[in-house]
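Shown next, in structure tokens, is the structure this report addresses.
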Amino acid sequence: METDKLNDRENKTNGDAQFAVVEMGELNHCSRPSTSGENKRSGYLVTLMHFIKGNIGCGMLAMGEAFKIGGLYLTLFILLYVWLISVYNMHVLTTLSRKVQNRLQAKRAPSFGDTVENAFKMSDKWIFRSISNNIRKIVFYNILITQLGLCSVYILFIGTSLQKLLLQYSYEINIQTVLLLTMPLIMVCASLRKLRFIAPLSTLANFALITGVITIMYYSCSGPSSKGVRYSYSKWTELPTMFGIIMFSFEGIGLVLPLFAEIEDSKKFTSSFGVLNFGMVAVMMLNVPLGMTGYSKWGDDVKSSLTLNLPYDHELTQFVILMMILGIACSYALQFYPAAVIVYSDLEKIYGPFNHPAVWDYSIRICICLVTYLAASTVPHLDLFMSLVGSVTCVALTMIFPALSNLAFRTKDKGSFFGSFFDMVTILTAVIGSVTGIYANTTAIYEAFSQNHSNG
């Protein structure tokens, strides 16, 4: 009976699966059960590519800013520390998902929210069981807020890049006006309602991002390096901002369980040289060199996105920036889709069924799109916005929920002392990073507003 409820709930409100569908750019078996005995599963390389793609984005381009705040050595240490915790928690999620599936005798692996909910329900401690009915919704809306935060960051990236590009042609326009100019393009992306239209955009987004990374590496490795490079932080009060940026860069934990359910052989996902470990090593091999070379090249002049340090007067750079703007706009469509599905599903439960569902869908999409624009224009500072999103929702999804679920499940599973200790260290790190990050970023945003107001 519990199995039927789990499967039925996944069919109705599978927000985590929709999240995975968008990131992978195709319909998968997490989003809808197969009606035949033939389940087309992904091979090792395809799953690896999807995993890497889901973990790289604007956060990677902000690594130079992170190294500027913390210096070369300290930032590298914290980046490796967060990376180890993230890898550990991804393994925790896959292990818990398999155990929950076995106990419920479910045909399909449970989603992120279902894994956390059932781990709490199966705990022998009342404190976990008492909140088990609400924890899935909390996870669900954390994913929603993360998606909308990502969309707002993409809008800011497009706006700041376009603003600097227009400046090369003597068009000096403030960021809010530039954001308004980008609205028609973003509205079109937000209005795409079918996955078959959205999925091909993933290829374009990947090509644009790869082109941008190659261009950044070329410029950051050529010419003399900056003489003002630091090896440690200059202001300890800025360290929470660095932590938030690093957390934002590990944005793909919502993909782990859908990809785990999709691969042909699950052992190839969690083994020593499996998708999870190899993919996270590949992500680090992109983040570390990009951030370190970017900071070493431009020093304290490094920008919130490394693309802003490129020489915009070069025609090649202008072409690459235009490609990346188009690619990030495509990524907006991919990240926006699950948020629209979540909001529409919730409103339909309360006010539905709708007589004109298409009209409601488009209206909801326009409203959500305007919310992301409002957030981007209210906080037009790319680094602070990324860090704030990273400190709030990314910390919860990457650290808090997996660690709490592991502690809840371990009470019955009788895990080791080391495992419980590591989970407690993870939660402590998350709480400290999140609280200080929220305080530091809101303070910095307020100061930035005050400075802009005094200058205006």
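Chain identifiers are assigned as A, B, and so on, following the order in which chains appear in the structure tokens; residues are numbered from 1 within each chain, and ligands are numbered from 1 in order of appearance.
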From a DSSP pass on the backbone, collect the residues of stretch 358-450 of chain A flagged as alpha helix (DSSP H) and hand them back as a PDB file with N, CA and C atoms, in the first residue's frame.
```
ATOM      1  N   ALA A 358      -4.326  26.501 -20.478  1.00  0.00           N
ATOM      2  CA  ALA A 358      -3.229  27.150 -21.203  1.00  0.00           C
ATOM      3  C   ALA A 358      -3.110  28.616 -20.799  1.00  0.00           C
ATOM      4  N   VAL A 359      -4.238  29.290 -20.659  1.00  0.00           N
ATOM      5  CA  VAL A 359      -4.237  30.696 -20.258  1.00  0.00           C
ATOM      6  C   VAL A 359      -3.659  30.844 -18.852  1.00  0.00           C
ATOM      7  N   TRP A 360      -4.093  29.961 -17.957  1.00  0.00           N
ATOM      8  CA  TRP A 360      -3.558  29.980 -16.596  1.00  0.00           C
ATOM      9  C   TRP A 360      -2.060  29.709 -16.580  1.00  0.00           C
ATOM     10  N   ASP A 361      -1.645  28.736 -17.380  1.00  0.00           N
ATOM     11  CA  ASP A 361      -0.237  28.367 -17.422  1.00  0.00           C
ATOM     12  C   ASP A 361       0.623  29.546 -17.879  1.00  0.00           C
ATOM     13  N   TYR A 362       0.221  30.181 -18.987  1.00  0.00           N
ATOM     14  CA  TYR A 362       0.983  31.327 -19.483  1.00  0.00           C
ATOM     15  C   TYR A 362       0.970  32.485 -18.482  1.00  0.00           C
ATOM     16  N   SER A 363      -0.173  32.712 -17.846  1.00  0.00           N
ATOM     17  CA  SER A 363      -0.274  33.801 -16.862  1.00  0.00           C
ATOM     18  C   SER A 363       0.653  33.547 -15.675  1.00  0.00           C
ATOM     19  N   ILE A 364       0.660  32.298 -15.210  1.00  0.00           N
ATOM     20  CA  ILE A 364       1.527  31.931 -14.082  1.00  0.00           C
ATOM     21  C   ILE A 364       2.994  32.085 -14.467  1.00  0.00           C
ATOM     22  N   ARG A 365       3.331  31.663 -15.679  1.00  0.00           N
ATOM     23  CA  ARG A 365       4.716  31.776 -16.143  1.00  0.00           C
ATOM     24  C   ARG A 365       5.167  33.231 -16.229  1.00  0.00           C
ATOM     25  N   ILE A 366       4.306  34.091 -16.725  1.00  0.00           N
ATOM     26  CA  ILE A 366       4.650  35.512 -16.819  1.00  0.00           C
ATOM     27  C   ILE A 366       4.865  36.103 -15.429  1.00  0.00           C
ATOM     28  N   CYS A 367       3.980  35.744 -14.489  1.00  0.00           N
ATOM     29  CA  CYS A 367       4.108  36.247 -13.114  1.00  0.00           C
ATOM     30  C   CYS A 367       5.406  35.775 -12.464  1.00  0.00           C
ATOM     31  N   ILE A 368       5.731  34.498 -12.634  1.00  0.00           N
ATOM     32  CA  ILE A 368       6.960  33.965 -12.050  1.00  0.00           C
ATOM     33  C   ILE A 368       8.179  34.627 -12.688  1.00  0.00           C
ATOM     34  N   CYS A 369       8.118  34.820 -13.989  1.00  0.00           N
ATOM     35  CA  CYS A 369       9.219  35.476 -14.704  1.00  0.00           C
ATOM     36  C   CYS A 369       9.430  36.894 -14.174  1.00  0.00           C
ATOM     37  N   LEU A 370       8.342  37.605 -13.930  1.00  0.00           N
ATOM     38  CA  LEU A 370       8.439  38.960 -13.382  1.00  0.00           C
ATOM     39  C   LEU A 370       9.028  38.948 -11.974  1.00  0.00           C
ATOM     40  N   VAL A 371       8.731  37.890 -11.205  1.00  0.00           N
ATOM     41  CA  VAL A 371       9.313  37.761  -9.862  1.00  0.00           C
ATOM     42  C   VAL A 371      10.827  37.625  -9.952  1.00  0.00           C
ATOM     43  N   THR A 372      11.313  36.802 -10.890  1.00  0.00           N
ATOM     44  CA  THR A 372      12.768  36.649 -11.049  1.00  0.00           C
ATOM     45  C   THR A 372      13.406  37.955 -11.502  1.00  0.00           C
ATOM     46  N   TYR A 373      12.695  38.713 -12.342  1.00  0.00           N
ATOM     47  CA  TYR A 373      13.197  40.022 -12.761  1.00  0.00           C
ATOM     48  C   TYR A 373      13.230  41.000 -11.597  1.00  0.00           C
ATOM     49  N   LEU A 374      12.192  40.969 -10.776  1.00  0.00           N
ATOM     50  CA  LEU A 374      12.123  41.853  -9.612  1.00  0.00           C
ATOM     51  C   LEU A 374      13.286  41.568  -8.660  1.00  0.00           C
ATOM     52  N   ALA A 375      13.559  40.273  -8.431  1.00  0.00           N
ATOM     53  CA  ALA A 375      14.669  39.894  -7.552  1.00  0.00           C
ATOM     54  C   ALA A 375      16.002  40.353  -8.139  1.00  0.00           C
ATOM     55  N   ALA A 376      16.186  40.159  -9.445  1.00  0.00           N
ATOM     56  CA  ALA A 376      17.444  40.534 -10.101  1.00  0.00           C
ATOM     57  C   ALA A 376      17.656  42.043 -10.086  1.00  0.00           C
ATOM     58  N   SER A 377      16.591  42.809 -10.339  1.00  0.00           N
ATOM     59  CA  SER A 377      16.726  44.264 -10.373  1.00  0.00           C
ATOM     60  C   SER A 377      16.826  44.868  -8.978  1.00  0.00           C
ATOM     61  N   THR A 378      16.248  44.180  -7.983  1.00  0.00           N
ATOM     62  CA  THR A 378      16.325  44.662  -6.601  1.00  0.00           C
ATOM     63  C   THR A 378      17.727  44.479  -6.035  1.00  0.00           C
ATOM     64  N   LEU A 382      25.792  40.577  -8.808  1.00  0.00           N
ATOM     65  CA  LEU A 382      25.838  39.159  -9.165  1.00  0.00           C
ATOM     66  C   LEU A 382      26.454  38.309  -8.064  1.00  0.00           C
ATOM     67  N   ASP A 383      27.600  38.748  -7.521  1.00  0.00           N
ATOM     68  CA  ASP A 383      28.292  37.945  -6.510  1.00  0.00           C
ATOM     69  C   ASP A 383      27.466  37.816  -5.231  1.00  0.00           C
ATOM     70  N   LEU A 384      26.853  38.923  -4.787  1.00  0.00           N
ATOM     71  CA  LEU A 384      26.060  38.896  -3.555  1.00  0.00           C
ATOM     72  C   LEU A 384      24.798  38.053  -3.718  1.00  0.00           C
ATOM     73  N   PHE A 385      24.166  38.147  -4.890  1.00  0.00           N
ATOM     74  CA  PHE A 385      22.952  37.367  -5.132  1.00  0.00           C
ATOM     75  C   PHE A 385      23.275  35.877  -5.152  1.00  0.00           C
ATOM     76  N   MET A 386      24.351  35.498  -5.856  1.00  0.00           N
ATOM     77  CA  MET A 386      24.755  34.092  -5.900  1.00  0.00           C
ATOM     78  C   MET A 386      25.063  33.567  -4.504  1.00  0.00           C
ATOM     79  N   SER A 387      25.798  34.368  -3.743  1.00  0.00           N
ATOM     80  CA  SER A 387      26.173  33.943  -2.396  1.00  0.00           C
ATOM     81  C   SER A 387      24.964  33.805  -1.493  1.00  0.00           C
ATOM     82  N   LEU A 388      23.982  34.714  -1.634  1.00  0.00           N
ATOM     83  CA  LEU A 388      22.773  34.636  -0.811  1.00  0.00           C
ATOM     84  C   LEU A 388      21.980  33.371  -1.125  1.00  0.00           C
ATOM     85  N   VAL A 389      21.798  33.070  -2.413  1.00  0.00           N
ATOM     86  CA  VAL A 389      21.102  31.834  -2.811  1.00  0.00           C
ATOM     87  C   VAL A 389      21.864  30.616  -2.312  1.00  0.00           C
ATOM     88  N   VAL A 395      22.775  25.344   0.599  1.00  0.00           N
ATOM     89  CA  VAL A 395      23.277  24.724   1.832  1.00  0.00           C
ATOM     90  C   VAL A 395      22.283  23.685   2.343  1.00  0.00           C
ATOM     91  N   PHE A 401      19.660  18.517   4.519  1.00  0.00           N
ATOM     92  CA  PHE A 401      18.685  17.440   4.308  1.00  0.00           C
ATOM     93  C   PHE A 401      19.333  16.058   4.225  1.00  0.00           C
ATOM     94  N   PRO A 402      20.425  15.874   3.460  1.00  0.00           N
ATOM     95  CA  PRO A 402      21.048  14.541   3.438  1.00  0.00           C
ATOM     96  C   PRO A 402      21.579  14.115   4.800  1.00  0.00           C
ATOM     97  N   ALA A 403      22.219  15.053   5.533  1.00  0.00           N
ATOM     98  CA  ALA A 403      22.790  14.697   6.838  1.00  0.00           C
ATOM     99  C   ALA A 403      21.700  14.350   7.847  1.00  0.00           C
ATOM    100  N   LEU A 404      20.627  15.143   7.884  1.00  0.00           N
ATOM    101  CA  LEU A 404      19.518  14.853   8.805  1.00  0.00           C
ATOM    102  C   LEU A 404      18.849  13.522   8.466  1.00  0.00           C
ATOM    103  N   SER A 405      18.681  13.264   7.182  1.00  0.00           N
ATOM    104  CA  SER A 405      18.063  11.998   6.756  1.00  0.00           C
ATOM    105  C   SER A 405      18.932  10.816   7.162  1.00  0.00           C
ATOM    106  N   ASN A 406      20.224  10.992   7.039  1.00  0.00           N
ATOM    107  CA  ASN A 406      21.149   9.911   7.414  1.00  0.00           C
ATOM    108  C   ASN A 406      21.098   9.655   8.916  1.00  0.00           C
ATOM    109  N   LEU A 407      21.044  10.726   9.694  1.00  0.00           N
ATOM    110  CA  LEU A 407      20.927  10.570  11.151  1.00  0.00           C
ATOM    111  C   LEU A 407      19.610   9.903  11.526  1.00  0.00           C
ATOM    112  N   ALA A 408      18.534  10.307  10.859  1.00  0.00           N
ATOM    113  CA  ALA A 408      17.221   9.725  11.144  1.00  0.00           C
ATOM    114  C   ALA A 408      17.192   8.247  10.819  1.00  0.00           C
ATOM    115  N   PHE A 409      17.715   7.875   9.679  1.00  0.00           N
ATOM    116  CA  PHE A 409      17.689   6.489   9.238  1.00  0.00           C
ATOM    117  C   PHE A 409      18.674   5.628  10.022  1.00  0.00           C
ATOM    118  N   ARG A 410      19.790   6.236  10.420  1.00  0.00           N
ATOM    119  CA  ARG A 410      20.823   5.475  11.106  1.00  0.00           C
ATOM    120  C   ARG A 410      20.353   4.976  12.462  1.00  0.00           C
ATOM    121  N   THR A 411      19.399   5.635  13.078  1.00  0.00           N
ATOM    122  CA  THR A 411      18.913   5.194  14.380  1.00  0.00           C
ATOM    123  C   THR A 411      18.340   3.781  14.307  1.00  0.00           C
ATOM    124  N   LYS A 412      17.850   3.406  13.138  1.00  0.00           N
ATOM    125  CA  LYS A 412      17.381   2.027  12.946  1.00  0.00           C
ATOM    126  C   LYS A 412      18.444   1.181  12.276  1.00  0.00           C
ATOM    127  N   ASP A 413      19.257   1.856  11.462  1.00  0.00           N
ATOM    128  CA  ASP A 413      20.223   1.121  10.661  1.00  0.00           C
ATOM    129  C   ASP A 413      21.519   0.825  11.421  1.00  0.00           C
ATOM    130  N   PHE A 417      29.885   5.264  14.527  1.00  0.00           N
ATOM    131  CA  PHE A 417      30.062   6.531  15.230  1.00  0.00           C
ATOM    132  C   PHE A 417      30.649   7.571  14.294  1.00  0.00           C
ATOM    133  N   PHE A 418      31.575   7.127  13.438  1.00  0.00           N
ATOM    134  CA  PHE A 418      32.205   8.042  12.491  1.00  0.00           C
ATOM    135  C   PHE A 418      31.168   8.673  11.572  1.00  0.00           C
ATOM    136  N   GLY A 419      30.214   7.861  11.092  1.00  0.00           N
ATOM    137  CA  GLY A 419      29.175   8.383  10.211  1.00  0.00           C
ATOM    138  C   GLY A 419      28.330   9.439  10.899  1.00  0.00           C
ATOM    139  N   SER A 420      27.914   9.171  12.141  1.00  0.00           N
ATOM    140  CA  SER A 420      27.110  10.138  12.894  1.00  0.00           C
ATOM    141  C   SER A 420      27.903  11.409  13.168  1.00  0.00           C
ATOM    142  N   PHE A 421      29.177  11.239  13.508  1.00  0.00           N
ATOM    143  CA  PHE A 421      30.034  12.400  13.760  1.00  0.00           C
ATOM    144  C   PHE A 421      30.171  13.252  12.505  1.00  0.00           C
ATOM    145  N   PHE A 422      30.363  12.610  11.359  1.00  0.00           N
ATOM    146  CA  PHE A 422      30.515  13.347  10.102  1.00  0.00           C
ATOM    147  C   PHE A 422      29.230  14.082   9.746  1.00  0.00           C
ATOM    148  N   ASP A 423      28.080  13.452  10.010  1.00  0.00           N
ATOM    149  CA  ASP A 423      26.798  14.115   9.758  1.00  0.00           C
ATOM    150  C   ASP A 423      26.632  15.341  10.648  1.00  0.00           C
ATOM    151  N   MET A 424      27.040  15.230  11.921  1.00  0.00           N
ATOM    152  CA  MET A 424      26.936  16.367  12.832  1.00  0.00           C
ATOM    153  C   MET A 424      27.871  17.500  12.410  1.00  0.00           C
ATOM    154  N   VAL A 425      29.079  17.159  11.954  1.00  0.00           N
ATOM    155  CA  VAL A 425      30.018  18.173  11.453  1.00  0.00           C
ATOM    156  C   VAL A 425      29.438  18.864  10.219  1.00  0.00           C
ATOM    157  N   THR A 426      28.796  18.074   9.351  1.00  0.00           N
ATOM    158  CA  THR A 426      28.167  18.633   8.153  1.00  0.00           C
ATOM    159  C   THR A 426      27.070  19.626   8.527  1.00  0.00           C
ATOM    160  N   ILE A 427      26.211  19.238   9.478  1.00  0.00           N
ATOM    161  CA  ILE A 427      25.111  20.123   9.901  1.00  0.00           C
ATOM    162  C   ILE A 427      25.658  21.379  10.563  1.00  0.00           C
ATOM    163  N   LEU A 428      26.694  21.218  11.394  1.00  0.00           N
ATOM    164  CA  LEU A 428      27.308  22.376  12.059  1.00  0.00           C
ATOM    165  C   LEU A 428      27.906  23.335  11.031  1.00  0.00           C
ATOM    166  N   THR A 429      28.601  22.780  10.040  1.00  0.00           N
ATOM    167  CA  THR A 429      29.173  23.596   8.962  1.00  0.00           C
ATOM    168  C   THR A 429      28.077  24.337   8.216  1.00  0.00           C
ATOM    169  N   ALA A 430      26.995  23.625   7.933  1.00  0.00           N
ATOM    170  CA  ALA A 430      25.883  24.220   7.185  1.00  0.00           C
ATOM    171  C   ALA A 430      25.229  25.352   7.963  1.00  0.00           C
ATOM    172  N   VAL A 431      24.982  25.130   9.249  1.00  0.00           N
ATOM    173  CA  VAL A 431      24.316  26.144  10.075  1.00  0.00           C
ATOM    174  C   VAL A 431      25.188  27.393  10.192  1.00  0.00           C
ATOM    175  N   ILE A 432      26.469  27.195  10.503  1.00  0.00           N
ATOM    176  CA  ILE A 432      27.378  28.345  10.640  1.00  0.00           C
ATOM    177  C   ILE A 432      27.494  29.090   9.310  1.00  0.00           C
ATOM    178  N   GLY A 433      27.699  28.333   8.220  1.00  0.00           N
ATOM    179  CA  GLY A 433      27.844  28.950   6.903  1.00  0.00           C
ATOM    180  C   GLY A 433      26.584  29.667   6.461  1.00  0.00           C
ATOM    181  N   SER A 434      25.432  29.066   6.760  1.00  0.00           N
ATOM    182  CA  SER A 434      24.167  29.648   6.332  1.00  0.00           C
ATOM    183  C   SER A 434      23.832  30.910   7.125  1.00  0.00           C
ATOM    184  N   VAL A 435      23.947  30.847   8.448  1.00  0.00           N
ATOM    185  CA  VAL A 435      23.609  31.996   9.301  1.00  0.00           C
ATOM    186  C   VAL A 435      24.539  33.172   9.014  1.00  0.00           C
ATOM    187  N   THR A 436      25.847  32.902   9.004  1.00  0.00           N
ATOM    188  CA  THR A 436      26.806  33.987   8.742  1.00  0.00           C
ATOM    189  C   THR A 436      26.681  34.490   7.306  1.00  0.00           C
ATOM    190  N   GLY A 437      26.371  33.573   6.372  1.00  0.00           N
ATOM    191  CA  GLY A 437      26.224  33.963   4.972  1.00  0.00           C
ATOM    192  C   GLY A 437      25.025  34.879   4.757  1.00  0.00           C
ATOM    193  N   ILE A 438      23.901  34.524   5.393  1.00  0.00           N
ATOM    194  CA  ILE A 438      22.699  35.359   5.274  1.00  0.00           C
ATOM    195  C   ILE A 438      22.960  36.741   5.869  1.00  0.00           C
ATOM    196  N   TYR A 439      23.590  36.768   7.047  1.00  0.00           N
ATOM    197  CA  TYR A 439      23.886  38.057   7.694  1.00  0.00           C
ATOM    198  C   TYR A 439      24.858  38.896   6.864  1.00  0.00           C
ATOM    199  N   ALA A 440      25.955  38.270   6.420  1.00  0.00           N
ATOM    200  CA  ALA A 440      26.980  39.007   5.672  1.00  0.00           C
ATOM    201  C   ALA A 440      26.449  39.517   4.343  1.00  0.00           C
ATOM    202  N   ASN A 441      25.674  38.699   3.656  1.00  0.00           N
ATOM    203  CA  ASN A 441      25.179  39.092   2.332  1.00  0.00           C
ATOM    204  C   ASN A 441      24.082  40.141   2.419  1.00  0.00           C
ATOM    205  N   THR A 442      23.177  39.999   3.383  1.00  0.00           N
ATOM    206  CA  THR A 442      22.132  41.019   3.539  1.00  0.00           C
ATOM    207  C   THR A 442      22.747  42.353   3.969  1.00  0.00           C
ATOM    208  N   THR A 443      23.779  42.295   4.814  1.00  0.00           N
ATOM    209  CA  THR A 443      24.482  43.525   5.215  1.00  0.00           C
ATOM    210  C   THR A 443      25.180  44.166   4.020  1.00  0.00           C
ATOM    211  N   ALA A 444      25.855  43.340   3.224  1.00  0.00           N
ATOM    212  CA  ALA A 444      26.556  43.853   2.042  1.00  0.00           C
ATOM    213  C   ALA A 444      25.587  44.423   1.014  1.00  0.00           C
ATOM    214  N   ILE A 445      24.441  43.752   0.855  1.00  0.00           N
ATOM    215  CA  ILE A 445      23.418  44.254  -0.077  1.00  0.00           C
ATOM    216  C   ILE A 445      22.862  45.597   0.406  1.00  0.00           C
ATOM    217  N   TYR A 446      22.632  45.702   1.721  1.00  0.00           N
ATOM    218  CA  TYR A 446      22.148  46.974   2.282  1.00  0.00           C
ATOM    219  C   TYR A 446      23.168  48.090   2.074  1.00  0.00           C
ATOM    220  N   GLU A 447      24.452  47.790   2.303  1.00  0.00           N
ATOM    221  CA  GLU A 447      25.503  48.786   2.108  1.00  0.00           C
ATOM    222  C   GLU A 447      25.614  49.194   0.647  1.00  0.00           C
ATOM    223  N   ALA A 448      25.462  48.212  -0.255  1.00  0.00           N
ATOM    224  CA  ALA A 448      25.511  48.521  -1.686  1.00  0.00           C
ATOM    225  C   ALA A 448      24.353  49.423  -2.081  1.00  0.00           C
ATOM    226  N   PHE A 449      23.172  49.169  -1.511  1.00  0.00           N
ATOM    227  CA  PHE A 449      22.007  50.014  -1.770  1.00  0.00           C
ATOM    228  C   PHE A 449      22.224  51.430  -1.248  1.00  0.00           C
ATOM    229  N   SER A 450      22.773  51.523  -0.043  1.00  0.00           N
ATOM    230  CA  SER A 450      23.016  52.832   0.568  1.00  0.00           C
ATOM    231  C   SER A 450      24.012  53.637  -0.253  1.00  0.00           C
TER     232      SER A 450
END
```
Extract, using only C-alpha atoms, all DNA, RNA and protein residues at most 12 Å from A:Tyr81, discarding same-chain residues fewer than 2 positions from it, and format them as JSON, numbers by chain. {"A": [74, 75, 76, 77, 78, 79, 83, 84, 85, 86, 87, 88, 243, 246, 247, 284, 425, 426, 429]}
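The coordinates place atom CA of A:Val288 at 19.4 Å from atom CA of A:Thr398.
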Skipping near chain neighbours, those fewer than 6 positions away, what residues fall within 6 Å of stretch 232-238 of chain A using only C-alpha atoms, listed as number ranges by chain? A: 69-71, 74
I'd like the contact shell of A:Phe112 - 10 Å cut-off, only C-alpha atoms, skipping same-chain residues fewer than 5 positions apart - returned as a list in words.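 Close residues of A:Phe112: Asn14, Gly15, Asp16, Ala17, Leu93, Thr94, Leu96, Ser97, Glu117, Arg136, Val139, Phe140, Ile143, Ile253, Gly254, Leu255, Val256, Leu257, Pro258, Leu397, Phe401 and Pro402 of chain A.
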Would you export the selected residues with C-alpha atoms as a PDB file, in the first residue's frame, please?
```
ATOM      1  CA  ASN A  14       7.148  15.025  -8.995  1.00  0.00           C
ATOM      2  CA  GLY A  15       8.994  18.288  -8.598  1.00  0.00           C
ATOM      3  CA  ASP A  16      12.364  16.639  -8.123  1.00  0.00           C
ATOM      4  CA  ALA A  17      11.878  14.569 -11.246  1.00  0.00           C
ATOM      5  CA  LEU A  93      21.443  10.106  -0.801  1.00  0.00           C
ATOM      6  CA  THR A  94      21.996   7.190  -3.183  1.00  0.00           C
ATOM      7  CA  LEU A  96      19.288   6.016   1.492  1.00  0.00           C
ATOM      8  CA  SER A  97      17.297   5.958  -1.734  1.00  0.00           C
ATOM      9  CA  GLU A 117      10.374  11.960   3.974  1.00  0.00           C
ATOM     10  CA  ARG A 136       8.904  16.665   1.826  1.00  0.00           C
ATOM     11  CA  VAL A 139      12.517  20.015   0.399  1.00  0.00           C
ATOM     12  CA  PHE A 140      10.130  20.650  -2.463  1.00  0.00           C
ATOM     13  CA  ILE A 143      14.125  23.244  -4.831  1.00  0.00           C
ATOM     14  CA  ILE A 253      22.613  17.655  -6.026  1.00  0.00           C
ATOM     15  CA  GLY A 254      18.986  17.544  -7.166  1.00  0.00           C
ATOM     16  CA  LEU A 255      20.169  15.542 -10.177  1.00  0.00           C
ATOM     17  CA  VAL A 256      21.843  12.757  -8.216  1.00  0.00           C
ATOM     18  CA  LEU A 257      18.848  10.505  -7.520  1.00  0.00           C
ATOM     19  CA  PRO A 258      17.181  10.847 -10.951  1.00  0.00           C
ATOM     20  CA  LEU A 397      19.798  20.806  -0.231  1.00  0.00           C
ATOM     21  CA  PHE A 401      18.685  17.440   4.308  1.00  0.00           C
ATOM     22  CA  PRO A 402      21.048  14.541   3.438  1.00  0.00           C
TER      23      PRO A 402
END
```
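For the choices A:Ser266, A:Ser331, A:Asn134, A:Ser222, the atom-to-atom distance to A:Ala208 is smallest for A:Ser331 when using only C-alpha atoms.
The gap separating atom CA of A:Met324 from atom CA of A:Phe336 is 17.7 Å, in Å to one decimal.
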